[in-house]
Every structure is written in C-alpha cells, then in structure tokens.
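Working notes, structure below.
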Amino acid sequence: MATLRLGDTAPDFTAETTEGEISFRDWKGDGWAVLFSHPADFTPVCTTELGRVAALKDEWADRNAKVLAVSVDAIDDHQAWKKDIEEVGGSAVTYPIVADKDRKVAELYDMIHPGEGDTSSVRSVFLIDPKGKVRLTLTYPKSAGRNFDEVLRALDALQVNDSGPFSTPADWKRGERVIVAPTVSTEDALEKFKDVEEVKPYLRYAAAPTA
Ligand code: BEZ
C-alpha cells in the first residue's frame, strides 16, 4: 500500500476488536473517526495514551468523532490490558481496540516503520472525515507519547475549516477568531462575518463562527 495522503479515501477493513467484529466504514457511519495505532499492550507509554483517550470520551462525542485503537497484539491481551488502563488512568476504555494480529490494518495504513525497531506499529493518528477522507495524519515514534489535546484541537480546526471559508491560525483553539480565506474579499468579509479585522490585505480575521 502506498502511503496515504491527505484527501485520500480511508481504506475500509473488517477487524476483530474488543467490542466485536467491525467493518470500519459501517462502524464510523457519517461522523468523524480518530484511528490511532500503538506499538504494544502492557507497555508504559501506550498505557498512558489509551487512558487519556478514554478520559476524553465526552470530548470525542462532542465533536461527533469515534475513536478506534489498533495494535498487533491479540484480543485476549487487549481485554486484560484494558483493566490496567482503567486502573492507571481512572477511566474505562469504552472504545474498541483492534486486534491486528495479521497486520492487515497496520499495512493498509502504513503504520509499521521497520526503521523504528521491530514489526509493531508506530504511533500513527488518522483523522477521517464524515465523507471517509483522510484529513490529517500524525506519526510519532514509539518512545514519545502523543498529545491528545492537540488531536482534539486539530479536529476542531478541521471542523471550523469545513464550516465556511475559514482557516485557523497558529495555536488556534476552539472559540477563538479565525482567518478568512483568500477567496473572500475584505469587502465581502465585512458584510458576511462579525468582527472582521484586516491586519494585512492577505490576513483578515473574523469572529469564531457559531454552530
Ligand atoms: C511504550 O509504550 O512505552 C513503548 C512501547 C513499545 C516500544 C517502546 C515504548
């Protein structure tokens, strides 16, 4: 499988998970998906990561996003490890974890990077939109845990980008003002959006769009 690029259709798959067999596209439905891989069960960084994702349950739901974890370990290991994750992180793992023993999902999404040590997956994240397109990817090495606040922030940015002719500036957070796309003139922006500020002819801010 060639490397997935932004805008590509996210490959569909069926897989055994801790919540039963799923068909990815059906499971995702018409919402967003956060598909993320980790190297192995019963390992320290992964335990903190999956715990953090569990603790953010309401935040994913608030963004109409479902999360799906992937590793190449077996289903029995996943089920046993879930208890540790809950004990350590304080939140039950209610999202499915794929038991990717045959590495089908890892290969489809290019999650195994042989230069990173072994044949387990690295720490990949794919944000997949309601139309099934890959909208954002992140790849972290096995030694560095991800920042899931950043994953939420990126999801917010994509959703605002989709809500109008808006981009989001560096370090933007939900509720902050947005950048008006260059396709809209300042004159039109002043008519259509609130609190428009022209900092440069090519950099115009507007108030955060309301849902
Ligand atoms: C960890 O989760 O700590 C870990 C897993 C695999 C390789 C390196 C670190």
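Naming scheme: A, B, ... for chains in displayed order of the structure tokens; residues 1 onward per chain; ligands 1 onward as shown.
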Near-ligand residues for ligand 1, threshold 10 Å, only C-alpha atoms and all ligand atoms, as a PyMOL selection string: chain A and resi 38-50+116-118+120-123+141-145
Can you list every residue in segment 24-163 of chain A that DSSP puts in strand (DSSP E), as a JSON list (two decimals) with N, CA and C atoms, in the first residue's frame?
[["chain", "number", "residue", "atom", "x", "y", "z"],
["A", 32, "TRP", "N", -17.04, 11.56, 12.27],
["A", 32, "TRP", "CA", -15.58, 11.58, 12.16],
["A", 32, "TRP", "C", -15.00, 10.35, 12.86],
["A", 33, "ALA", "N", -13.82, 9.95, 12.43],
["A", 33, "ALA", "CA", -13.11, 8.87, 13.13],
["A", 33, "ALA", "C", -11.70, 9.31, 13.45],
["A", 34, "VAL", "N", -11.25, 8.88, 14.63],
["A", 34, "VAL", "CA", -9.85, 9.04, 15.03],
["A", 34, "VAL", "C", -9.28, 7.63, 15.12],
["A", 35, "LEU", "N", -8.51, 7.27, 14.12],
["A", 35, "LEU", "CA", -7.91, 5.93, 14.07],
["A", 35, "LEU", "C", -6.46, 6.08, 14.53],
["A", 36, "PHE", "N", -6.10, 5.39, 15.61],
["A", 36, "PHE", "CA", -4.74, 5.58, 16.11],
["A", 36, "PHE", "C", -4.11, 4.25, 16.51],
["A", 37, "SER", "N", -2.85, 4.10, 16.15],
["A", 37, "SER", "CA", -2.15, 2.85, 16.43],
["A", 37, "SER", "C", -1.17, 3.05, 17.59],
["A", 65, "ALA", "N", -17.14, 12.40, 16.91],
["A", 65, "ALA", "CA", -16.00, 11.57, 16.50],
["A", 65, "ALA", "C", -15.97, 10.27, 17.31],
["A", 66, "LYS", "N", -15.68, 9.18, 16.60],
["A", 66, "LYS", "CA", -15.48, 7.90, 17.27],
["A", 66, "LYS", "C", -13.99, 7.57, 17.24],
["A", 67, "VAL", "N", -13.50, 6.94, 18.29],
["A", 67, "VAL", "CA", -12.08, 6.58, 18.30],
["A", 67, "VAL", "C", -11.92, 5.07, 18.19],
["A", 68, "LEU", "N", -10.85, 4.69, 17.50],
["A", 68, "LEU", "CA", -10.54, 3.27, 17.29],
["A", 68, "LEU", "C", -9.04, 3.10, 17.43],
["A", 69, "ALA", "N", -8.64, 2.26, 18.40],
["A", 69, "ALA", "CA", -7.21, 2.00, 18.61],
["A", 69, "ALA", "C", -6.82, 0.72, 17.86],
["A", 70, "VAL", "N", -5.56, 0.65, 17.47],
["A", 70, "VAL", "CA", -5.05, -0.52, 16.72],
["A", 70, "VAL", "C", -3.71, -0.93, 17.29],
["A", 71, "SER", "N", -3.54, -2.23, 17.56],
["A", 71, "SER", "CA", -2.18, -2.75, 17.74],
["A", 71, "SER", "C", -2.16, -4.18, 17.24],
["A", 97, "ILE", "N", -10.63, -1.63, 20.55],
["A", 97, "ILE", "CA", -9.21, -1.78, 20.21],
["A", 97, "ILE", "C", -9.10, -2.94, 19.22],
["A", 98, "VAL", "N", -8.55, -2.67, 18.05],
["A", 98, "VAL", "CA", -8.41, -3.71, 17.02],
["A", 98, "VAL", "C", -7.27, -4.66, 17.40],
["A", 99, "ALA", "N", -7.55, -5.95, 17.27],
["A", 99, "ALA", "CA", -6.50, -6.97, 17.44],
["A", 99, "ALA", "C", -5.99, -7.30, 16.03],
["A", 123, "ARG", "N", 3.30, 5.11, 16.41],
["A", 123, "ARG", "CA", 2.14, 5.85, 16.95],
["A", 123, "ARG", "C", 1.56, 6.74, 15.85],
["A", 124, "SER", "N", 0.68, 6.18, 15.06],
["A", 124, "SER", "CA", 0.04, 6.92, 13.97],
["A", 124, "SER", "C", -1.32, 7.44, 14.42],
["A", 125, "VAL", "N", -1.73, 8.56, 13.85],
["A", 125, "VAL", "CA", -3.09, 9.07, 14.04],
["A", 125, "VAL", "C", -3.63, 9.46, 12.67],
["A", 126, "PHE", "N", -4.85, 9.02, 12.39],
["A", 126, "PHE", "CA", -5.55, 9.43, 11.16],
["A", 126, "PHE", "C", -6.88, 10.06, 11.57],
["A", 127, "LEU", "N", -7.10, 11.29, 11.15],
["A", 127, "LEU", "CA", -8.42, 11.90, 11.34],
["A", 127, "LEU", "C", -9.17, 11.76, 10.02],
["A", 128, "ILE", "N", -10.30, 11.11, 10.10],
["A", 128, "ILE", "CA", -11.07, 10.76, 8.89],
["A", 128, "ILE", "C", -12.43, 11.45, 8.98],
["A", 134, "VAL", "N", -9.20, 11.02, 4.41],
["A", 134, "VAL", "CA", -8.13, 11.27, 5.38],
["A", 134, "VAL", "C", -7.86, 12.78, 5.39],
["A", 135, "ARG", "N", -8.04, 13.40, 6.55],
["A", 135, "ARG", "CA", -7.90, 14.86, 6.62],
["A", 135, "ARG", "C", -6.66, 15.31, 7.36],
["A", 136, "LEU", "N", -6.10, 14.42, 8.19],
["A", 136, "LEU", "CA", -4.91, 14.82, 8.95],
["A", 136, "LEU", "C", -4.21, 13.55, 9.42],
["A", 137, "THR", "N", -2.89, 13.57, 9.36],
["A", 137, "THR", "CA", -2.13, 12.42, 9.87],
["A", 137, "THR", "C", -1.03, 12.92, 10.80],
["A", 138, "LEU", "N", -0.73, 12.10, 11.78],
["A", 138, "LEU", "CA", 0.39, 12.38, 12.69],
["A", 138, "LEU", "C", 1.15, 11.07, 12.85],
["A", 139, "THR", "N", 2.46, 11.13, 12.94],
["A", 139, "THR", "CA", 3.25, 9.92, 13.19],
["A", 139, "THR", "C", 4.28, 10.23, 14.27],
["A", 140, "TYR", "N", 4.20, 9.51, 15.35],
["A", 140, "TYR", "CA", 5.14, 9.69, 16.46],
["A", 140, "TYR", "C", 5.92, 8.40, 16.64]]
Between atom CA of Ala92 of chain A and atom CA of Arg174 of chain A, what is the spacing in Å?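 Interatomic distance, atom CA of Arg174 of chain A to atom CA of Ala92 of chain A: 26.4 Å.
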Would you mind listing what lies within 8 Å of Ile179 of chain A as a JSON list (two decimals) with N, CA and C atoms, in the first residue's frame, with only C-alpha atoms counted and same-chain residues fewer than 4 positions away left out?
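Final output, saved to selection31.json:
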[["chain", "number", "residue", "atom", "x", "y", "z"],
["A", 166, "PHE", "N", -13.02, 29.43, 6.04],
["A", 166, "PHE", "CA", -12.17, 29.79, 7.16],
["A", 166, "PHE", "C", -10.95, 28.90, 7.28],
["A", 167, "SER", "N", -9.83, 29.53, 7.64],
["A", 167, "SER", "CA", -8.64, 28.80, 8.05],
["A", 167, "SER", "C", -8.45, 29.09, 9.53],
["A", 168, "THR", "N", -7.46, 28.45, 10.12],
["A", 168, "THR", "CA", -7.20, 28.71, 11.54],
["A", 168, "THR", "C", -5.73, 29.03, 11.74],
["A", 169, "PRO", "N", -5.42, 30.04, 12.53],
["A", 169, "PRO", "CA", -4.02, 30.44, 12.70],
["A", 169, "PRO", "C", -3.24, 29.51, 13.62],
["A", 203, "LEU", "N", -4.32, 38.91, 5.28],
["A", 203, "LEU", "CA", -4.57, 38.31, 6.61],
["A", 203, "LEU", "C", -5.72, 39.05, 7.27],
["A", 204, "ARG", "N", -6.90, 38.43, 7.14],
["A", 204, "ARG", "CA", -8.10, 39.02, 7.71],
["A", 204, "ARG", "C", -8.69, 38.06, 8.72],
["A", 205, "TYR", "N", -8.93, 38.57, 9.91],
["A", 205, "TYR", "CA", -9.55, 37.74, 10.94],
["A", 205, "TYR", "C", -11.05, 38.01, 10.99],
["A", 206, "ALA", "N", -11.79, 37.01, 11.50],
["A", 206, "ALA", "CA", -13.22, 37.21, 11.79],
["A", 206, "ALA", "C", -13.54, 36.46, 13.08]]
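The residue set within 10 Å of Ala189 of chain A, counting only C-alpha atoms and dropping same-chain residues fewer than 2 places from it, reads Pro165, Val180, Ala181, Val184, Ser185, Thr186, Glu187, Glu191, Lys192, Phe193, Lys194, Asp195, Val196, Glu197, Glu198, Arg204, Tyr205 and Ala206 of chain A.
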Go ahead and dump the residues you just picked, N, CA, C and O atoms, as a tab-separated table (two decimals), in the first residue's frame.
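File result_9.tsv, as written:
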chain	number	residue	atom	x	y	z
A	165	PRO	N	-15.60	29.59	4.68
A	165	PRO	CA	-14.32	29.89	4.03
A	165	PRO	C	-13.31	30.33	5.09
A	165	PRO	O	-12.83	31.47	5.07
A	180	VAL	N	-10.10	34.55	7.52
A	180	VAL	CA	-10.98	34.49	6.35
A	180	VAL	C	-10.15	34.05	5.14
A	180	VAL	O	-9.05	34.57	4.90
A	181	ALA	N	-10.67	33.07	4.41
A	181	ALA	CA	-9.92	32.51	3.27
A	181	ALA	C	-9.66	33.59	2.21
A	181	ALA	O	-10.47	34.51	2.03
A	184	VAL	N	-12.23	35.17	-0.36
A	184	VAL	CA	-13.26	36.14	0.00
A	184	VAL	C	-12.61	37.52	0.11
A	184	VAL	O	-11.59	37.68	0.80
A	185	SER	N	-13.19	38.52	-0.55
A	185	SER	CA	-12.62	39.87	-0.46
A	185	SER	C	-12.90	40.44	0.93
A	185	SER	O	-13.85	40.03	1.60
A	186	THR	N	-12.11	41.42	1.31
A	186	THR	CA	-12.33	42.05	2.62
A	186	THR	C	-13.71	42.70	2.66
A	186	THR	O	-14.42	42.65	3.66
A	187	GLU	N	-14.09	43.30	1.52
A	187	GLU	CA	-15.42	43.93	1.45
A	187	GLU	C	-16.53	42.91	1.74
A	187	GLU	O	-17.43	43.16	2.55
A	191	GLU	N	-19.16	42.30	5.19
A	191	GLU	CA	-20.62	42.14	5.09
A	191	GLU	C	-21.10	40.85	5.73
A	191	GLU	O	-22.14	40.80	6.38
A	192	LYS	N	-20.31	39.78	5.53
A	192	LYS	CA	-20.81	38.44	5.91
A	192	LYS	C	-20.46	38.02	7.34
A	192	LYS	O	-21.19	37.24	7.95
A	193	PHE	N	-19.32	38.47	7.85
A	193	PHE	CA	-18.83	37.92	9.12
A	193	PHE	C	-18.72	39.01	10.18
A	193	PHE	O	-18.62	40.20	9.86
A	194	LYS	N	-18.67	38.57	11.41
A	194	LYS	CA	-18.58	39.52	12.54
A	194	LYS	C	-17.12	39.85	12.85
A	194	LYS	O	-16.24	38.99	12.70
A	195	ASP	N	-16.91	41.05	13.35
A	195	ASP	CA	-15.61	41.49	13.90
A	195	ASP	C	-14.44	41.25	12.93
A	195	ASP	O	-13.39	40.73	13.32
A	196	VAL	N	-14.64	41.63	11.69
A	196	VAL	CA	-13.56	41.43	10.71
A	196	VAL	C	-12.45	42.45	10.97
A	196	VAL	O	-12.71	43.64	11.16
A	197	GLU	N	-11.23	41.96	11.00
A	197	GLU	CA	-10.06	42.85	11.15
A	197	GLU	C	-9.07	42.54	10.04
A	197	GLU	O	-8.64	41.38	9.88
A	198	GLU	N	-8.70	43.58	9.29
A	198	GLU	CA	-7.70	43.38	8.24
A	198	GLU	C	-6.33	43.77	8.79
A	198	GLU	O	-6.03	44.94	8.97
A	204	ARG	N	-6.90	38.43	7.14
A	204	ARG	CA	-8.10	39.02	7.71
A	204	ARG	C	-8.69	38.06	8.72
A	204	ARG	O	-8.90	36.89	8.42
A	205	TYR	N	-8.93	38.57	9.91
A	205	TYR	CA	-9.55	37.74	10.94
A	205	TYR	C	-11.05	38.01	10.99
A	205	TYR	O	-11.51	39.10	10.62
A	206	ALA	N	-11.79	37.01	11.50
A	206	ALA	CA	-13.22	37.21	11.79
A	206	ALA	C	-13.54	36.46	13.08
A	206	ALA	O	-12.80	35.56	13.50
Shortest contact to Arg103 of chain A, candidates A:Pro130, A:Phe13, A:Ala80, A:Asp58, atoms counted only C-alpha atoms, goes to A:Phe13
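Counting from atom CA of Ile85 of chain A, the distance to atom CA of Val105 of chain A is 22.7 Å.
One distance worth recording is that between atom CA of Tyr109 of chain A and atom CA of Ala74 of chain A, which is 18.9 Å.
Considering the residues A:Thr14, A:Gln79, A:Thr9, A:Ser163 and counting only C-alpha atoms, Ala208 of chain A has its shortest atom-to-atom contact with A:Ser163.
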Nearest to Thr94 of chain A by atom-to-atom distance, counting only C-alpha atoms, from A:Pro209, A:Gly7, A:Gly51, A:Gly31: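 Result for the nearest residue to Thr94 of chain A: A:Gly51.
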